[in-house]
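Visitor: The file below is start-v7.cif, mmCIF, C-alpha atoms:
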```
data_my_file
loop_
_atom_site.label_atom_id
_atom_site.label_comp_id
_atom_site.auth_asym_id
_atom_site.auth_seq_id
_atom_site.Cartn_x
_atom_site.Cartn_y
_atom_site.Cartn_z
CA LEU H 9 99.68 84.44 67.26
CA ALA H 10 101.95 82.38 65.05
CA VAL H 11 101.84 79.48 67.52
CA MET H 12 98.05 79.74 67.82
CA GLY H 13 97.63 79.79 64.05
CA ASN H 14 99.92 76.80 63.49
CA TYR H 15 98.27 74.68 66.18
CA ALA H 16 94.80 75.65 64.93
CA THR H 17 95.81 74.45 61.45
CA MET H 18 97.11 71.17 62.87
CA LEU H 19 93.85 70.66 64.77
CA GLN H 20 92.01 70.68 61.44
CA GLN H 21 94.04 67.77 60.09
CA PRO H 22 92.05 64.53 59.86
CA GLY H 23 93.08 61.54 61.92
CA ILE H 24 94.93 63.28 64.76
CA SER H 25 94.94 61.40 68.05
CA GLU H 26 93.01 62.57 71.09
CA GLU H 27 96.31 63.09 72.93
CA ASP H 28 97.62 65.39 70.18
CA ARG H 29 94.29 67.23 70.01
CA ILE H 30 94.44 68.01 73.74
CA GLU H 31 98.10 69.07 73.48
CA TYR H 32 97.37 71.45 70.57
CA ALA H 33 94.37 72.93 72.37
CA LYS H 34 96.46 73.52 75.51
CA ALA H 35 99.13 75.25 73.43
CA ILE H 36 96.52 77.58 71.88
CA SER H 37 95.06 78.36 75.32
CA HIS H 38 98.51 79.07 76.80
CA SER H 39 99.49 81.34 73.90
CA SER H 40 96.21 83.29 74.11
CA ARG H 41 96.78 83.96 77.82
CA ARG H 42 100.33 85.18 77.11
CA LEU H 43 99.05 87.47 74.35
CA ALA H 44 96.31 88.89 76.60
CA ALA H 45 98.81 89.55 79.41
CA LEU H 46 101.24 91.22 76.97
CA ILE H 47 98.61 93.59 75.58
CA THR H 48 97.31 94.41 79.08
CA ASN H 49 100.79 95.26 80.33
CA ILE H 50 101.62 97.42 77.30
CA LEU H 51 98.37 99.36 77.68
CA LYS H 52 98.94 99.88 81.41
CA LEU H 53 102.45 101.22 80.90
CA ASN H 54 101.30 103.48 78.07
CA LYS H 55 98.46 104.89 80.20
CA LEU H 56 100.81 105.43 83.12
CA GLU H 57 103.26 107.35 80.96
CA ASN H 58 100.49 109.54 79.57
CA GLN H 59 99.10 110.07 83.10
CA GLN H 60 95.78 108.47 82.28
CA ILE H 61 96.07 106.27 85.38
CA PHE H 62 97.68 107.13 88.68
CA PRO H 63 99.57 104.88 91.12
CA LYS H 64 97.72 103.68 94.22
CA HIS H 65 100.29 103.87 96.99
CA GLU H 66 100.39 101.30 99.76
CA GLU H 67 103.10 99.88 101.97
CA TYR H 68 104.41 96.46 100.94
CA ASP H 69 107.49 94.21 100.93
CA LEU H 70 109.74 95.22 98.01
CA SER H 71 112.23 92.39 98.72
CA GLY H 72 109.56 89.74 98.30
CA GLN H 73 108.25 91.35 95.13
CA LEU H 74 111.72 91.42 93.55
CA CYS H 75 112.25 87.75 94.37
CA GLU H 76 108.85 86.81 92.92
CA SER H 77 109.55 88.81 89.76
CA LEU H 78 112.89 87.03 89.28
CA LEU H 79 111.35 83.59 89.80
CA GLN H 80 108.82 84.28 87.03
CA PHE H 81 111.75 84.13 84.59
CA GLU H 82 113.41 81.02 86.04
CA ASP H 83 112.71 79.00 82.88
CA ALA H 84 114.23 81.76 80.71
CA TRP H 85 117.53 81.96 82.56
CA GLU H 86 117.81 78.16 82.85
CA LYS H 87 117.39 77.82 79.06
CA LYS H 88 120.22 80.32 78.60
CA ASN H 89 122.37 78.55 81.24
CA LEU H 90 122.62 81.75 83.27
CA GLU H 91 123.47 81.94 86.96
CA ILE H 92 121.60 84.67 88.80
CA GLU H 93 123.41 86.31 91.71
CA THR H 94 121.33 88.57 93.95
CA ASP H 95 122.01 90.77 96.96
CA ILE H 96 118.51 91.70 98.12
CA GLN H 97 118.09 92.88 101.69
CA ASP H 98 115.29 91.15 103.61
CA ASP H 99 112.03 92.93 104.43
CA VAL H 100 112.60 96.22 102.59
CA ARG H 101 109.26 97.99 102.83
CA ILE H 102 108.23 100.90 100.60
CA LYS H 103 105.11 102.87 99.75
CA SER H 104 104.19 102.55 96.09
CA ASP H 105 101.77 100.84 93.71
CA PRO H 106 102.77 97.13 93.87
CA GLU H 107 100.89 96.16 90.70
CA LEU H 108 102.43 98.83 88.49
CA LEU H 109 105.89 98.46 89.99
CA SER H 110 105.68 94.71 89.38
CA LEU H 111 105.27 95.48 85.65
CA VAL H 112 108.40 97.62 85.80
CA TRP H 113 110.48 94.82 87.39
CA SER H 114 109.12 92.26 84.93
CA ASN H 115 110.00 94.46 81.94
CA LEU H 116 113.48 95.20 83.29
CA ILE H 117 114.25 91.52 83.95
CA SER H 118 112.76 90.44 80.62
CA ASN H 119 114.81 93.02 78.73
CA ALA H 120 117.97 92.02 80.59
CA LEU H 121 117.44 88.35 79.65
CA ASN H 122 116.16 88.79 76.12
CA THR H 123 117.28 92.13 74.74
CA ALA H 124 120.72 92.98 76.08
CA GLY H 125 121.25 95.13 72.99
CA SER H 126 118.47 97.46 74.15
CA SER H 127 120.28 98.11 77.42
CA MET H 128 123.50 99.02 75.61
CA VAL H 129 121.61 101.24 73.18
CA GLY H 130 119.81 103.01 76.02
CA GLN H 131 123.01 103.66 77.95
CA ASN H 132 124.76 105.16 74.93
CA ILE H 133 121.79 107.30 73.91
CA ALA H 134 121.72 108.72 77.44
CA ALA H 135 125.45 109.47 77.14
CA LYS H 136 124.88 110.97 73.66
CA GLU H 137 127.34 108.45 72.18
CA TYR H 138 125.33 108.16 68.98
CA LYS H 139 128.13 106.60 66.93
CA ARG H 140 128.32 103.78 69.45
CA VAL H 141 124.57 103.21 69.06
CA THR H 142 125.01 102.80 65.31
CA SER H 143 127.93 100.44 65.91
CA ILE H 144 125.89 98.32 68.35
CA VAL H 145 123.01 97.98 65.89
CA ILE H 146 125.39 97.02 63.06
CA GLN H 147 127.12 94.41 65.24
CA LEU H 148 123.72 92.96 66.18
CA PHE H 149 122.85 92.66 62.50
CA LYS H 150 126.15 90.93 61.74
CA ILE H 151 125.59 88.38 64.49
CA THR H 152 121.91 87.69 63.86
CA PHE H 153 122.17 87.52 60.06
CA SER H 154 125.13 85.13 60.34
CA VAL H 155 123.11 82.85 62.62
CA ALA H 156 120.06 83.11 60.34
CA ALA H 157 122.17 82.15 57.31
CA LEU H 158 123.67 79.11 59.08
CA ILE H 159 120.30 77.87 60.34
CA SER H 160 118.70 78.42 56.94
CA LEU H 161 121.47 76.44 55.25
CA ALA H 162 121.02 73.57 57.71
CA VAL H 163 117.24 73.51 57.20
CA CYS H 164 117.62 73.54 53.41
CA LEU H 165 120.17 70.70 53.45
CA PHE H 166 118.60 68.50 56.12
CA PRO H 167 114.88 69.39 56.36
CA THR H 168 113.47 66.01 57.40
CA GLN H 169 116.22 65.30 59.93
CA ILE H 170 115.77 68.69 61.60
CA PHE H 171 111.97 68.56 61.69
CA SER H 172 112.10 65.04 63.13
CA ILE H 173 113.89 66.45 66.19
CA PHE H 174 110.67 68.22 67.15
CA THR H 175 108.02 65.75 66.02
CA GLN H 176 107.57 62.24 64.69
CA ASP H 177 104.09 63.00 63.33
CA PRO H 178 104.14 61.75 59.70
CA ASN H 179 101.60 64.40 58.66
CA VAL H 180 103.89 67.18 59.88
CA LEU H 181 107.02 65.61 58.39
CA ALA H 182 105.25 65.22 55.03
CA ILE H 183 104.82 68.99 54.69
CA SER H 184 108.21 69.91 56.16
CA THR H 185 109.79 70.62 52.76
CA GLU H 186 106.92 72.97 51.87
CA TYR H 187 107.69 74.96 55.01
CA ILE H 188 111.39 75.55 54.20
CA PRO H 189 110.96 78.88 52.29
CA ILE H 190 108.70 80.15 55.10
CA ALA H 191 111.23 79.05 57.71
CA VAL H 192 114.01 80.92 55.92
CA LEU H 193 111.84 84.06 55.84
CA ILE H 194 111.18 83.70 59.58
CA PHE H 195 114.89 83.28 60.36
CA PHE H 196 115.88 86.38 58.40
CA GLY H 197 112.88 88.30 59.69
CA SER H 198 114.03 87.59 63.23
CA ALA H 199 117.54 88.69 62.31
CA ALA H 200 116.28 91.90 60.70
CA ARG H 201 114.10 92.87 63.64
CA SER H 202 116.75 92.28 66.31
CA GLY H 203 118.82 95.40 65.70
CA MET H 204 115.81 97.64 65.20
CA ASN H 205 114.04 96.27 68.27
CA ALA H 206 117.17 97.07 70.27
CA LEU H 207 117.12 100.62 68.90
CA ILE H 208 113.40 101.18 69.53
CA ASN H 209 113.38 99.63 73.00
CA GLY H 210 116.66 101.22 74.01
CA SER H 211 115.47 104.68 72.96
CA GLY H 212 112.71 104.53 75.56
CA ASN H 213 110.13 105.74 73.03
CA TYR H 214 107.08 103.84 74.28
CA ARG H 215 104.82 105.26 71.58
CA ILE H 216 106.91 103.82 68.75
CA ASN H 217 107.37 100.60 70.73
CA PHE H 218 103.63 100.27 71.31
CA ALA H 219 102.77 101.04 67.67
CA THR H 220 105.34 98.51 66.47
CA ALA H 221 104.01 95.82 68.81
CA ILE H 222 100.41 96.36 67.67
CA LEU H 223 101.30 96.42 63.96
CA ASP H 224 103.63 93.43 64.20
CA GLY H 225 101.73 91.29 66.68
CA ILE H 226 98.14 91.98 65.66
CA VAL H 227 97.34 94.17 62.64
CA LEU H 228 99.82 92.92 60.02
CA ARG H 229 100.26 89.42 61.45
CA ILE H 230 96.53 88.73 61.31
CA GLY H 231 95.92 90.88 58.23
CA LEU H 232 98.61 89.28 56.08
CA SER H 233 97.69 85.79 57.26
CA VAL H 234 94.05 86.36 56.29
CA LEU H 235 95.12 87.91 52.97
CA PHE H 236 97.34 85.02 51.89
CA GLY H 237 95.54 82.18 53.66
CA LEU H 238 91.90 83.02 52.96
CA ILE H 239 91.56 85.77 50.33
CA LEU H 240 94.33 84.44 48.05
CA ASP H 241 93.34 80.87 48.99
CA MET H 242 96.87 79.68 49.80
CA ASP H 243 95.56 77.55 52.68
CA TYR H 244 98.00 76.84 55.57
CA LEU H 245 100.99 78.03 53.52
CA GLY H 246 99.29 81.42 53.26
CA PHE H 247 98.93 81.66 57.03
CA TRP H 248 102.60 80.78 57.48
CA LEU H 249 103.65 83.28 54.80
CA GLY H 250 101.62 86.08 56.36
CA ASP H 251 103.13 85.37 59.75
CA ALA H 252 106.67 85.32 58.32
CA LEU H 253 106.30 88.58 56.39
CA ALA H 254 104.80 90.37 59.40
CA GLY H 255 108.03 89.58 61.24
CA PHE H 256 109.82 92.22 59.15
CA THR H 257 107.57 95.00 60.53
CA PRO H 258 109.98 96.19 63.27
CA PHE H 259 112.80 96.32 60.72
CA PHE H 260 111.02 98.74 58.39
CA ILE H 261 109.64 100.86 61.22
CA GLY H 262 113.12 100.87 62.75
CA LEU H 263 114.67 102.08 59.49
CA VAL H 264 112.37 105.11 59.45
CA PHE H 265 112.98 105.62 63.17
CA TYR H 266 116.74 105.56 62.66
CA PHE H 267 117.08 107.75 59.56
CA THR H 268 114.71 110.42 60.90
CA GLY H 269 116.90 110.68 64.01
CA THR H 270 113.89 110.34 66.32
CA TRP H 271 115.78 107.80 68.43
CA LYS H 272 118.11 110.58 69.63
CA LYS H 273 115.20 112.37 71.26
CA GLY H 274 113.42 111.84 74.57
CA ARG H 275 110.25 109.87 75.11
CA ASP H 276 108.17 112.99 74.46
CA GLY H 277 109.92 113.59 71.10
CA ARG H 278 112.12 116.47 72.27
CA GLU H 279 115.91 116.46 72.23
CA GLU H 280 117.20 115.50 75.66
CA ALA H 281 119.38 117.98 77.49
#
```
If you convert what's in this file into structure tokens, what do you get?

Guide:
Amino acid sequence: LAVMGNYATMLQQPGISEEDRIEYAKAISHSSRRLAALITNILKLNKLENQQIFPKHEEYDLSGQLCESLLQFEDAWEKKNLEIETDIQDDVRIKSDPELLSLVWSNLISNALNTAGSSMVGQNIAAKEYKRVTSIVIQLFKITFSVAALISLAVCLFPTQIFSIFTQDPNVLAISTEYIPIAVLIFFGSAARSGMNALINGSGNYRINFATAILDGIVLRIGLSVLFGLILDMDYLGFWLGDALAGFTPFFIGLVFYFTGTWKKGRDGREEA
């Protein structure tokens, strides 16, 4: 949503070239497809957990499905300079629902690549090592807030130089200094949400996860952007500010989740045996 909003704002600027206009439109289209796929997958998993939909079993090649699921994340592991080692037996055939199981593999691989903290949290919750969970979350905060502080310092000291790495558009560079406070908010919002996202995802509580995703990605992100950008008439800065502030949503939900002790319970809200 943030990407879509930013590119939509840039499309409204006078004098943009046809090449840039097409590039911005493609970026909006790509982001909208990703958002639609994300919401669809979350809804499917939530319905499956609540037994509102049932798997349609059929025989298919599990080996091929695993390979296809891995290849979907090729760009992600290349960006992180990771080497993937696999030991998948050829032509392993099972009876299950290939569409739903594909969502499971995609979520597992995505979490492994992007949210390693969640895996550690989940393992320690299962082992009832609750002090370790707290330690993991604190260490995540130390790492992410340190990185956020360093990046923020660099952006404040060298705004034009850093923005020029990503674009040479004079219109964008002209407003780069206005964006600095918003950028700092985004950096620290990302740092604040990291530990709490690891706790929420690692707990396996899909209801809290789903509610957080909807509030963060849709309700507050759009609501705050409209509030600051349109109602308070802050123009594009208002849209950026709304997007940045919405990024703190998982942090505050995570605080309540942590201090109420709900994360120690099972997915149905009962203490696990």

Visitor: Compare H:Pro189, H:Lys273, H:Ser202, H:Leu158 by their minimum atom-to-atom distance to Val145 of chain H, counting only C-alpha atoms, and give me the closest one.

Guide: H:Ser202

Visitor: For the structure shown, which residues end up in the PyMOL selection byres ((chain H and resi 220) around 10)? Put them as a list in words, please?

Guide: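 Going through the file, the PyMOL selection byres ((chain H and resi 220) around 10) ends up selecting Asn205, Ile208, Tyr214, Arg215, Ile216, Asn217, Phe218, Ala219, Ala221, Ile222, Leu223, Asp224, Gly225, Ile226, Val227, Thr257, Pro258, Phe259, Phe260, Ile261 and Gly262 of chain H.
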
Visitor: Would you translate the PyMOL selection byres ((chain H and resi 171-180) around 12) into the concrete set of residues it matches in this file, as a ChimeraX atom specification?

Guide: /H:14-15,17-25,28,162-170,181-188,191

Visitor: To one decimal place, how far is atom CA of Leu193 of chain H from atom CA of Leu240 of chain H in Å?

Guide: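 Atom CA of Leu240 of chain H lies at a distance of 19.2 Å from atom CA of Leu193 of chain H.
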
Visitor: Return as a PyMOL selection string the set of residues that the PyMOL selection byres ((chain H and resi 70) around 7) yields on the displayed structure.

Guide: chain H and resi 68-69+71-74+100-102

Visitor: Quick one: write out the picked residues with C-alpha atoms as a short mmCIF file (atom, residue, chain, number, x, y, z; two decimals), in the frame of the given file?

Guide:
```cif
data_model
loop_
_atom_site.label_atom_id
_atom_site.label_comp_id
_atom_site.auth_asym_id
_atom_site.auth_seq_id
_atom_site.Cartn_x
_atom_site.Cartn_y
_atom_site.Cartn_z
CA TYR H 68 104.41 96.46 100.94
CA ASP H 69 107.49 94.21 100.93
CA SER H 71 112.23 92.39 98.72
CA GLY H 72 109.56 89.74 98.30
CA GLN H 73 108.25 91.35 95.13
CA LEU H 74 111.72 91.42 93.55
CA VAL H 100 112.60 96.22 102.59
CA ARG H 101 109.26 97.99 102.83
CA ILE H 102 108.23 100.90 100.60
#
```

Visitor: Any idea what the distance is between atom CA of Leu228 of chain H and atom CA of Gln147 of chain H?

Guide: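 Going from atom CA of Leu228 of chain H over to atom CA of Gln147 of chain H, I get 27.8 Å.
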
Visitor: Ranking H:Trp113, H:Phe149, H:Trp248, H:Tyr138 by minimum distance to Trp271 of chain H and counting all atoms listed in the file, which one comes first?

Guide: H:Tyr138

Visitor: With distances taken over only C-alpha atoms, which residue among H:Leu116, H:Leu238, H:Leu249, H:Leu207 lies nearest Ile144 of chain H?

Guide: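 So, comparing all the options, the nearest one is H:Leu207.
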
Visitor: Go ahead and compute the interatomic distance for atom CA of Glu107 of chain H and atom CA of Glu66 of chain H, in Å to one decimal.

Guide: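 According to the coordinates, atom CA of Glu107 of chain H and atom CA of Glu66 of chain H are separated by 10.4 Å.
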
Visitor: Counting all atoms listed in the file, what are the residues of segment 157-258 of chain H within 7 Å of segment 126-136 of chain H, and for each of them which pair of atoms is the nearest and at what distance in Å, to one decimal? Sort the table by chain and rising number, as JSON lines.

Guide:
```
{"residue": "H:Ala206", "atom": "CA", "partner": "H:Ser126", "partner_atom": "CA", "distance": 4.1}
{"residue": "H:Leu207", "atom": "CA", "partner": "H:Val129", "partner_atom": "CA", "distance": 6.2}
{"residue": "H:Asn209", "atom": "CA", "partner": "H:Ser126", "partner_atom": "CA", "distance": 5.7}
{"residue": "H:Gly210", "atom": "CA", "partner": "H:Gly130", "partner_atom": "CA", "distance": 4.1}
{"residue": "H:Ser211", "atom": "CA", "partner": "H:Gly130", "partner_atom": "CA", "distance": 5.6}
```

Visitor: Which centre and edge lengths in Å to one decimal define the box along x, y and z that fits every listed atom of segment 68-75 of chain H plus 5 Å per side, as JSON?

Guide:
```
{"center_x": 108.3, "center_y": 92.1, "center_z": 97.2, "size_x": 17.8, "size_y": 18.7, "size_z": 17.4}
```

Visitor: Nearest to Leu253 of chain H among H:Ile239, H:Leu43, H:Ile194, H:Ala156, with distances taken over only C-alpha atoms: which residue is it?

Guide: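 The answer is H:Ile194, which sits nearest to Leu253 of chain H.
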
Visitor: Identify, on the basis of all atoms listed in the file, every residue whose closest approach to Gly197 of chain H does not exceed 8 Å; exclude the query and any residue fewer than 5 positions from it along the same chain; express the result as a PDB file with C-alpha atoms, keeping the file's coordinate frame.

Guide:
```
ATOM      1  CA  ALA H 252     106.670  85.320  58.320  1.00  0.00           C
ATOM      2  CA  LEU H 253     106.300  88.580  56.390  1.00  0.00           C
ATOM      3  CA  GLY H 255     108.030  89.580  61.240  1.00  0.00           C
ATOM      4  CA  PHE H 256     109.820  92.220  59.150  1.00  0.00           C
TER       5      PHE H 256
END
```
